[in-house]
Structure formats: C-alpha cells, structure tokens
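Q: Got a structure for you, questions after.
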Amino acid sequence: MKRRPIRPEPLIFERNPARARRPGFRLPSVDVPAVDPRTVLPPNLLRTDEPGCPDVSEMEVVQHFHRLSQLNYAVDEGLYPLGSCTMKYNPRLNEETARLQGFTSAHPLQPAAQVQGALRLIWELERALEAITGMAGVTLQPAAGAHGELAGILMIRKALEARGDVREEVLVPDSAHGTNPATAAFAGYRAVEVPSGDDGTVDMAALEELMTDRVAAVMLTVPNTLGLFEPRIVDIARLVHDRGGLIYMDGANLNAFAGRALPGLMGADAMHINLHKTFSTPHGGGGPGAGPVVVSKALVPHLPVPRVVRNGDIFTLVQDDPASIGPMRGFFGSFLILVRALTYIWSLGADGLREMSEVAVLYANLVRHRLAGAYHLPYDGPSLHEVVFDDTRQTRHDVHNTDIAKRLLDYGFHPPTMSFPLIVHGALMIEPAESVAPEEVEAFCNAMLAIAREAEESPDLVRSAPHDTPVSRVDEVRAARKLKVRWTPEDE
Amino acid sequence: MHPWIGAGDDDRRRILSEIGLGSTDDLFSAIPPAVCVDRVPLANGLDEQAVRLELVAMALANLSPDCRPSFLGAGVYRHVQPSVIDAVLSRAEFFTSYTPYQPEIAQGTLQAIYEFQTLICQLTGMEVANASLYDGATALIEAVLFAHRVRRGKAQRVVLAETVHPMYRRVVRTYADPAGLEVLMVPAGGDGRVDPTTLRAAAGDESACCIAVQSPNFLGIVEDLPAVANVAHAAGALAVQVVAEAASFGLLAGGGAFGFDVVCGEAQSFGIPSGFGGPHLGFFACRNKDVRQMPGRLVGETVDSRGDRAYCLTLSTREQHIRRAKATSNICTNQGLMALAATVWLETVGGHGLRDLAAACLARSEDLKRRIEAAAGPWRLAFPTSPTFNELLITGPGEGAELARRLADLGVLAGVPSRTWGGSWPDGLLVAVTERTTTSEVEALMDGLGRVS
Amino acid sequence: MNLPSDLMYARTHEWARVEGDVVVVGITHYAQDQLGEVVYVELPEVGTGADASEELGTLESVKAVSEFNAPVAGEVVEVNERLEDEPNLVNEDPYGDGWLVKISGSVDDENLLDAAGYRAMIEEESA
C-alpha cells in the first residue's frame with residue numbers, strides 16, 4: 001500500500017510571503033487608555049525592528065503543524081525499540097489528569113493553604129516511589145534523568161563534606177551512558193573509568209584496586225547498558241561502603257525489575273528515576289521529562305528544598321535548610337509530569353508493576369531468541385529488558401549498524417539505539433518495552449531478519465537506505481561543517 | 001492482566017515456551033534473590049474511573065487563579081492560552097515521539113525546533129539559540145558556566161545583580177559552589193535597579209567571567225542594559241541578560257541589540273501553563289563565535305542524499321552522550337514539547353500580535369499605577385519613578401506576606417510577597433498584570449487594598 | 001596504506017616532520033579514516049607549551065571526538081588557520097594541507113616510530 005502524498009511544508013517564515021496582516025488570535029479587548037511606551041520607558045530600550053514572525057490565520061497554524069506532524073514516526077504508530085529509553089505507551093488517562101484545571105492553572109507561589117491538592121499529589125508520588133524502590137527519601141525536583149544524577153552526586157558530595165571527608169574521584173564503568181562522567185565532572189569530581197570484564201559486568205579486581213579513599217562514589221547502571229544485571233551488586237556495595245564511598249545508581253533501566261527487586265536492598269545511596277521512561281510520561285520529541293531521585297537515610301538531610309511536609313491532613317512547605325544542597329531549579333519540579341506518573345502508578349499498582357517488568361523482559365528475550373542466528377551477540381549473559389547485538393556479521397559485507405537502522409525505516413519501524421554502549425563497536429541496543437502486542441515484536445524481528453538477508457544478498461540496498469521516508473539519508477556532516485541554525489530573511 | 005501491557009497470560013505462556021523457559025522466575029534468574037521481593041508495598045492497580053476520581057479530587061483541592069482576581073507573577077505569568085496550542089501538542093506524532101536522532105522520520109519535530117530557534121533569535125536579537133533548557137533558573141546557571149568556559153576557565157568570579165530573581169540566584173549557588181566559582185551579589189540601588197558602576201567594581205579586571213542582570217528585573221523594573229554591557233566588557237567579562245517575563249520582548253529590545261553575549265531565561269509566558277511550577281521552558285541564545293560552548297541541543301539545516309532541504313540535530317559532540325566528561329553541559333532530555341508549545345503560541349499570536357499583547361500589558365500596568373497613586377490610604381508604589389513593564393512593587397500597612405493572606409481571604413490573589421526570599425527592597429507585594437487582566441479584577445484589587453488598610 | 005617514509009610517527013597516530021627549527025604535526029591517513037569526516041578542529045593557542053604526548057587539541061567528526069597529542073615537547077609557534085573553514089583538509093590531505101600545528105622543538109627518536117614501525121603497530125592493533 002502506498003502512502004498518499006503530503007506536500008512539503010515550508011518554514012512558517014516562508015508562508016505569507018507578502019506579509020499580509022492576518023490575525024491568528026483575538027486578544028482580549030483593552031478598556032484602558034493606550035500608553036506611548038516612549039513616555040514611560042527609556043526610548044533606547046524599545047524595539048525598533050519589524051516583527052520577524054509573519055501573521056498567519058489560525059487555520060494556517062493548524063495546517064502548518066498538522067503537515068509537520070505527519071512527517072514524524074511516534075510510539076502511537078508502532079514499535080520504538082530504543083535501548084535504555086523504554087518507549088512504552090503513553091496512556092491517555094495521563095493526558096486527561098494532567099490537563100485538569102486545578103493542576104494546570106495553579107501558581108507555584110500561591111499560599112500552601114490554597115494548593116493542598118498539588119502538595120498532596122507531590123507527597124503521594126514521593127511515598128509511591130519510596131515504596132517501589134525500598135529507599136528512605138526522595139526529591140521530585142529534577143527536570144530529567146541527567147539533572148537527577150547531578151542532584152544525587154551533589155547530595156553525596158554534601159554528605160561527605162558534612163562528615164569532614166572530602167574526596168576527589170568518582171568511578172564510572174566504561175559501559176556507562178555519557179551523562180555519568182559528565183555529571184561527575186560538573187560536580188567537581190574527576191571521573192575514573194572502571195573496565196568491564198569479559199562478561200560485560202564490572203571487573204571486580206579492577207574495582208577493588210580503584211576503590212580507594214579518594215573515591216566519593218561509584219556510579220552503576222542496573223541492569224547495565226548491555227541489559228545485564230550486576231551479579232555481585234551486593235558485594236560491590238559492601239566494598240564501596242566499607243571504604244567510605246557511596247553508591248550512585250543510574251535508574252534508566254528500572255523497567256527491567258520494577259515491582260520485583262529493590263535498589264534499597266542493593267545498597268544504593270541515590271538513584272534517579274526517569275519518569276518519562278519507566279513511568280510512561282511522554283517523550284514529547286525531546287522532553288519534558290522528570291528525574292526524581294530516591295535516597296538512602298544517609299542522604300535524606302541533604303535533599304533539595306523546597307520540601308513538602310505532612311501534618312495529619314495538612315501539607316506545608318519547608319523552604320530553607322542549611323544541610324540541603326539547595327534548589328536544583330525553580331519551584332517544585334515538573335509538576336504536570338508528576339501528575340501523569342502518579343496516574344500511571346496508581347493504575348498499575350504493585351501487581352501491574354510486576355507484570356510490566358515481566359513482559360518487558362519477556363519481549364527482550366523473544367527478540368534475542370529470534371535474532372541470535374542472524375546477528376552477533378557480543379555478550380551472552382542473560383538479558384533482562386534489553387539485548388545488545390553488534391553488526392560484525394553484516395560488516396563483512398560492508399553494511400554497518402547505521403545502514404541497518406536506516407533500512408529499518410523502510411520497513412516502518414524506528415531503529416534501536418545505535419553505537420551505544422561504547423564498549424561494543426557497531427552496537428544495536430534493542431528494548432521493546434512491554435506495551436505492544438506480541439505480533440508487533442514479531443513483525444520487528446521479521447524486518448530485522450529480512451535486512452540481515454539483504455545485507456548478504458543486496459548490500460547496496462541497505463547502504464543507500466532509507467528509500468521510502470519523507471527525506472532520504474540526511475547529510476549530518478554538512479550540517480556540522482556548514483552550520484546553519486536559523487532562518488534569516490536573506491535565505492529567500 | 002492490564003490494558004497497558006501488550007501480552008496477556010496466553011501470550012506469555014506461548015512466548016516462554018518458544019524461548020525454552022519454564023516460568024517467569026527463569027526470566028529473572030540473573031537477579032540475586034537477596035534483592036528481590038514478592039511485591040512492593042503499594043496497593044494493587046485501580047481501574048480508570050477510580051484513578052480519575054482520586055486525581056480530580058486533588059485537582060479540586062486547589063484554588064485556581066483562573067477563577068478569581070489574580071495578580072501573581074514573580075517568574076510565572078498568566079497570559080492568553082490559544083486553544084490551538086493544546087490541539088497541536090495533543091497530536092501523538094509530536095508528544096509520543098522521541099528525540100529526533102533519526103532525522104529521516106522526525107522532520108516534523110526538527111523543523112518545529114528550527115522555527116523555535118529562529119524565533120528566539122529574532123526576539124532576543126542574538127545570532128544563535130538552542131532547542132531549550134529546563135527553565136529560567138537553570139538557563140541562568142548554564143549561562144554562567146558557559147561564560148566560564150568561553151573565558152577558558154581563567155575567571156572564577158560571577159557577578160549577579162540582586163535584582164535577578166532570588167530563586168534563580170539560589171539555584172546558581174547550588175551549582176556554583178561545587179564548581180568552585182565565586183559568586184558576588186551586587187545589591188539593588190534605591191531606585192530598584194542595579195548600579196552599573198557597582199557592577200564594574202565587583203567584577204574587577206579580568207577576574208569575572210560574567211555579569212548577569214535580569215531585565216525587566218525581579219521588581220518589574222527595566223535595567224540600563226547598554227550600560228551593563230559596557231561595564232561587563234570593560235571588565236573583560238561576558239554580559240548576560242536573564243529574562244523571566246518573555247512577553248516583554250514584544251515591547252523591549254533583547255540584549256542582542258546592546259552587545260550582550262548571552263540572552264537567556266524563561267519562556268513560560270509563551271503559552272506554557274503555570275502548572276504549579278512546571279514543566280516550563282528555558283531558552284538560551286548567544287553569538288555564532290561561541291556556539292561550540294553553547295549547552296543543549298541544536299537543530300541545523302542541511303540536505304538529504306537527493307539534495308532536498310532537511311533538518312537534523314547537529315554539533316552533538318558538545319553533548320554528554322559523546323563528549324562525556326568534557327561535555328558543555330549535562331543536559332540530555334530537554335523541554336522539547338514546551339518549545340513546540342511556545343512556537344505554536346508565537347506563530348498563532350503572530351509578530352504584530354505579540355506587540356499588541358505587550359502594549360496591552362503596559363497599558364494595564366500604567367492604569368494600575370495611576371489608580372494606586374490616586375487612592376487615599378497607605379498603599380504606595382515602592383519605586384514610582386522607575387520604568388516598569390507589567391509588574392510593580394507596592395507597599396501597604398504591614399508585611400507583604402500578612403497583607404497577601406488578608407487579601408486572599410477577601411478572594412483576591414493580590415501578588416507575591418516581595419520578601420519571600422529576603423532582599424534589600426521594601427516589604428510589600430509584587431503585582432503583575434497582563435493582557436488577560438480585566439478592569440473588574442483591578443477594581444476588586446483596589447477594593448481589597450482599601451479594605452485591608 | 002598511505003605512510004610517507006620521510007616522517008616520524010607517534011603511537012597515538014600523529015606524524016612529525018622536521019622543517020628547520022620547527023616540527024610540523026598532523027594526524028595519519030589511518031587516523032582520519034578511523035575518525036570519519038572531520039567537521040571541526042580545536043587548535044591550541046600559539047604560545048602554548050606542551051610535553052611529549054600531552055593533549056594539544058581535538059578533532060570532531062559527527063559522532064565522535066578525538067584528542068591529538070604533541071609528538072614532541074615544545075611550544076606551539078603556528079596553527080593551521082585554514083582548518084577553521086576547511087576542516088575537510090584533514091581527511092583529504094592529512095600529510096600536506098591538513099597539517100595541524102607547528103611546534104618549536106626537536107624530534108626525540110626514542111619515542112617515535114618510523115614508517116615501518118608504525119605500519120607494524122597498526123597491523124598488530126587490527127589483528
């Protein structure tokens with residue numbers, strides 16, 4: 001079946017070239033006298049340019065974005081098997097509750113007595129995340145996973161300072177996502193790499209040697225970016241704690257064990273949770289997300305402010321606390337994202353969460369089972385919610401993981417995560433998540449198998465992919481070499 | 001079985017059998033039993049209607065500023081919300097899609113961000129803008145760290161005007177202390193603005209990486225931007241303008257017109273709901289020559305293999321998923337859908353519409369000032385001769401927090417107490433007005449002010 | 001493999017050519033091939049001093065960043081300003097117009113390889 005033609009949509013600045021005045025919105029009428037700005041503001045500070053944005057009608061705006069939207073693939077369309085992204089269904093109930101007027105119109109500086117509902121929601125989500133992780137405290141303030149990571153490392157830093165123990169290093173496995181060493185550097189630490197063993201998990205002997213009293217924390221992703229659970233997690237935590245360090249856990253892969261295992265039992269001192277991954281809040285084409293951080297007792301005093309406190313049925317705010325690391329951002333956090341996450345958690349409940357992780361892991365293993373003949377598996381430990389293949393069988397025909405990704409677009413799927421983790425050259429990291437029907441996972445496997453065959457029989461077809469997408473392969477080198485990041489009138 | 005989980009019991013049995021496992025437990029054999037539990041201490045899942053009732057109850061337990069006279073501002077403003085915005089944002093192709101790392105099937109998102117970047121450049125007067133940051137407070141700290149990098153790590157001092165939003169300044173402290181930066185705060189002057197000569201003195205010579213001011217500032221007053229840019233450059237520092245009320249761009253030129261090196265801040269005014277504080281929308285704009293130090297994502301124009309115009313993320317090597325410890329920032333997921341909302345808002349309101357909106361804000365604000373000056377009783381404009389846009393500080397018979405409480409009891413959200421975070425200025429109420437403020441709301445406010453005198 | 005025999009090579013894939021008092025430095029054909037198309041080169045400031053094997057700057061492709069090091073100790077006396085607008089020269093002519101910096105200093109034969117030694121090192125790495 002062919003898709004019907006969709007006309008290319010110009011930039012908004014290219015619409016209405018005559019710059020005719022077309023109202024797009026009627027402002028409320030103004031029943032006070034107009035003021036000449038030059039009489040009340042310094043004239044040299046006033047704008048003198050013509051508006052850069054054209055005036056277009058409401059329908060034009062709608063058509064503009066409707067056509068643009070049709071160029072995008074989305075979770076609602078089909079499988080999005082991006083490893084470590086957990087592209088699950090974004091329930092419509094979340095979208096309904098997040099749009100309730102009592103939530104959307106609440107101003108963060110209203111007195112606490114006027115926003116008891118919002119404060120209660122924050123408190124309830126905090127307790128729910130503590131229950132799900134087995135941890136002693138939590139902050140919902142960070143705006144994304146990386147932001148939560150930074151909060152966690154800053155809390156660790158503050159805890160060490162409080163006991164008079166200033167350390168300089170943070171250990172990060174070589175398989176870790178780049179946010180981990182970036183966060184450590186941001187917080188003023190030196191990031192030291194811990195090698196992975198042959199089995200893809202942390203090399204214990206190396207860790208033993210690197211874990212000195214200069215090390216503030218070890219950052220671990222559990223399961224790691226290869227989808228493998230650290231089998232000696234409890235031993236690692238004991239080693240680090242015995243030598244005065246703390247454990248930071250990257251919770252990006254929580255979907256693998258939520259509802260059935262507790263980071264609190266693994267020895268975590270701080271763990272960020274990506275609400276836009278595990279807890280179904282939408283990815284939004286690049287955010288907004290939210291990155292709450294659950295913490296152990298040791299770090300509770302250092303949680304960011306402001307904090308919500310409950311006294312019977314009344315919720316109040318604590319604004320200041322010298323032991324706190326301070327605020328990570330304005331106000332309380334991405335509240336409307338928190339609304340969605342609580343909606344999801346209450347809908348699934350303890351039983352639903354167990355099902356969620358079960359099917360997430362089941363689907364990843366189905367993919368592993370079906371593709372293992374055609375694609376090379378660099379590590380053969382048991383996979384949890386994601387599986388990592390590499391392109392070594394295909395590179396024999398000069399077909400690389402990027403080509404496989406682009407060819408998948410022709411089959412109507414979003415590709416898996418490419419080229420990550422860094423320790424696997426030509427990686428393909430596949431995480432189906434638990435939302436789609438089994439037939440969708442099977443169709444994805446069939447597409448991958450077809451492409452593996454094409455790589456052998458007609459590699460040119462794969463290398464020149466994609467063929468059927470709105471634009472063909474995009475020249476990213478040129479985008480970087482000839483940098484153009486805005487429209488200007490001279491473009492015409 | 002749950003409706004949001006794709007495989008039912010039959011499916012699971014079939015798949016387990018295909019992959020040769022006996023039971024679910026076998027799937028999780030890699031997890032040590034010592035860290036496992038039979039269930040987490042939460043109730044079982046509720047049906048949709050039950051969840052809806054719980055959430056609605058919590059929403060109803062909030063007093064909505066939409067339904068009563070409201071003059072709350074201080075970084076979050078009540079502007080028009082065209083219905084088109086939510087209609088566009090509700091399209092699944094926009095809100096359920098991922099970061100556009102595969103440009104061939106994400107041209108919708110990429111082009112929208114390119115438009116956003118262009119609009120921010122036009123409004124700020126700067127050459128390049130990124131695809132968004134978390135909010136105004138974190139945009140400021142990103143600007144500080146940016147300035148530090150541009151000065152190649154040779155200037156550890158940061159000069160902040162006291163009239164920058166106190167909450168933003170606290171966030172700067174959270175980051176600056178571990179980064180080893182020395183933050184100097186320059187107090188507000190008697191006119192509610194910061195004195196450029198005091199900024200110059202605080203900066204020293206080549207010791208400061210940046211001087212940051214907010215304009216319109218926390219007290220609603222417009223700072224002397226050209227003078228600030230001059231003293232910053234004389235001190236060898238970058239000039240940073242923070243903006244908390246983005247609607248001001250409809251009337252006031254952005255810092256780019258005066259030689260600022262960074263214009264950044266909060267764009268919540270562009271169609272983003274208050275949402276009890278988030279998600280909001282940080283923006284950041286700088287010069288072409290510094291683009292490699294700029295944090296956050298960036299969309300660039302290029303071509304595809306057929307030679308047709310296409311967009312993609314670019315300069316990714318600055319970002320932490322590649323640059324790791326040497327990344328320009330640790331931001332990954334940003335505020336993509338909020339940037340889309342702002343883009344739709346700006347294009348719906350239109351170029352001339354934004355000018356009219358800003359003019360309405362100014363007219364309403366000046367009208368309010370006249371009423372306060374004309375009213376008998378103890379209420380005063382704290383800075384009667386300082387130029388403002390749509391927010392102003394008024395003082396009355398008592399502390400700001402107490403007066404706010406008494407006025408709330410009368411059904412008026414009269415403003416944010418100006419000393420909520422301390423400050424060297426008078427203790428009163430910050431009152432914000434917008435194009436949405438009606439005369440009847442203003443009359444209710446004046447009536448309320450009269451009654452608490 | 002493109003390996004001029006009159007150059008010296010560092011184990012980190014830089015080449016060095018003596019021109020009077022200065023040593024011209026660039027990256028090898030093998031290195032640029034591994035890196036992919038170069039989109040940006042970050043060069044040190046003239047006057048920067050460096051020890052042998054110390055990082056001097058970086059080369060960026062679309063997907064990766066790679067440091068390049070000083071093959072000899074010395075002070076940077078000149079950098080290739082053409083690379084700002086034409087980073088592609090590193091790929092197209094790595095031993096000629098794609099040169100990176102010139103350092104005042106002398107070649108220390110002990111730490112550098114000749115063409116045959118570098119070739120052997122590459123072949124061992126790839127095995």
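Residues in the structure tokens are numbered from 1 in each chain, the chains being A, B, ... in the order shown, and ligands are numbered from 1 in the order shown.
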Counting only C-alpha atoms, a student should be able to say which residues of chain A come within 10 Å of chain C; what is the right answer, written as a list in words?

A: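 Written out as asked, the residues are Ser419, Glu476, Val477, Arg478, Ala479, Ala480, Arg481, Lys482 and Leu483 of chain A.
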
Q: Based on the selection just made, write C-alpha atoms of those residues as a CSV table (one decimal), in the first residue's frame.

A:
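That gives us again.csv:
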```csv
chain,number,residue,atom,x,y,z
A,419,SER,CA,26.5,2.8,18.7
A,476,GLU,CA,24.8,15.2,9.0
A,477,VAL,CA,28.4,16.0,8.1
A,478,ARG,CA,27.3,19.0,6.1
A,479,ALA,CA,25.0,20.1,8.9
A,480,ALA,CA,28.1,20.4,11.2
A,481,ARG,CA,30.5,21.8,8.7
A,482,LYS,CA,28.2,24.4,7.2
A,483,LEU,CA,26.4,25.4,10.4
```

Q: Find the residues around Ala18 of chain A up to 12 Å (only C-alpha atoms counted), leave out those fewer than 3 positions away in its own chain, and share them as an mmCIF file with N, CA and C atoms, in the first residue's frame.

A:
```cif
data_model
loop_
_atom_site.group_PDB
_atom_site.id
_atom_site.type_symbol
_atom_site.label_atom_id
_atom_site.label_comp_id
_atom_site.auth_asym_id
_atom_site.auth_seq_id
_atom_site.Cartn_x
_atom_site.Cartn_y
_atom_site.Cartn_z
ATOM 1 N N PHE A 13 8.193 31.078 8.279
ATOM 2 C CA PHE A 13 8.693 32.362 7.772
ATOM 3 C C PHE A 13 8.570 32.460 6.264
ATOM 4 N N GLU A 14 8.392 31.304 5.602
ATOM 5 C CA GLU A 14 8.241 31.295 4.153
ATOM 6 C C GLU A 14 6.769 31.365 3.749
ATOM 7 N N ARG A 15 5.889 31.217 4.730
ATOM 8 C CA ARG A 15 4.461 31.372 4.440
ATOM 9 C C ARG A 15 4.119 32.852 4.372
ATOM 10 N N ARG A 21 -1.395 41.175 6.723
ATOM 11 C CA ARG A 21 -1.822 41.060 8.117
ATOM 12 C C ARG A 21 -3.008 40.114 8.204
ATOM 13 N N ARG A 22 -2.788 38.955 8.863
ATOM 14 C CA ARG A 22 -3.886 38.006 9.069
ATOM 15 C C ARG A 22 -3.897 37.670 10.541
ATOM 16 N N PRO A 54 5.795 36.073 10.661
ATOM 17 C CA PRO A 54 4.637 36.563 9.902
ATOM 18 C C PRO A 54 3.365 36.444 10.726
ATOM 19 N N ASP A 55 2.315 37.144 10.301
ATOM 20 C CA ASP A 55 0.994 36.967 10.900
ATOM 21 C C ASP A 55 0.248 35.983 10.027
ATOM 22 N N VAL A 56 -0.204 34.915 10.605
ATOM 23 C CA VAL A 56 -0.964 33.935 9.823
ATOM 24 C C VAL A 56 -2.254 33.636 10.559
#
```

Q: Point out the residue among B:Asn230, B:Ser305, B:Ser207, B:Gln335 with the least atom-to-atom distance to Arg151 of chain B, counting only C-alpha atoms.

A: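 Going through B:Asn230, B:Ser305, B:Ser207, B:Gln335 one by one, the smallest distance to Arg151 of chain B is for B:Ser207.
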
Q: Of the candidates B:Val40, B:Cys312, B:Ala444, B:Cys67, which one gets nearest to Ala261 of chain A if we count only C-alpha atoms?

A: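 Closest residue, counting only C-alpha atoms: B:Val40.
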
Q: Quick one: everything within 12 Å of Leu337 of chain B, counting only C-alpha atoms, minus sequence neighbours fewer than 5 positions away in the same chain. Send it as JSON, numbers by chain.

A: {"A": [282, 283, 284, 285, 286, 287, 288, 289, 337], "B": [85, 86, 88, 89, 90, 91, 92, 93, 94, 95, 96, 97, 98, 99, 109, 110, 112, 113, 116, 131, 132, 133, 134, 271, 272, 279, 280, 281, 342, 343, 344]}

Q: Tell me, which residues of segment 260-343 of chain A carry DSSP alpha helix (DSSP H), written as a list in words?

A: Pro263, Gly264, Leu265, Met266, Phe335, Leu336, Ile337, Leu338, Val339, Arg340, Ala341, Leu342 and Thr343 of chain A
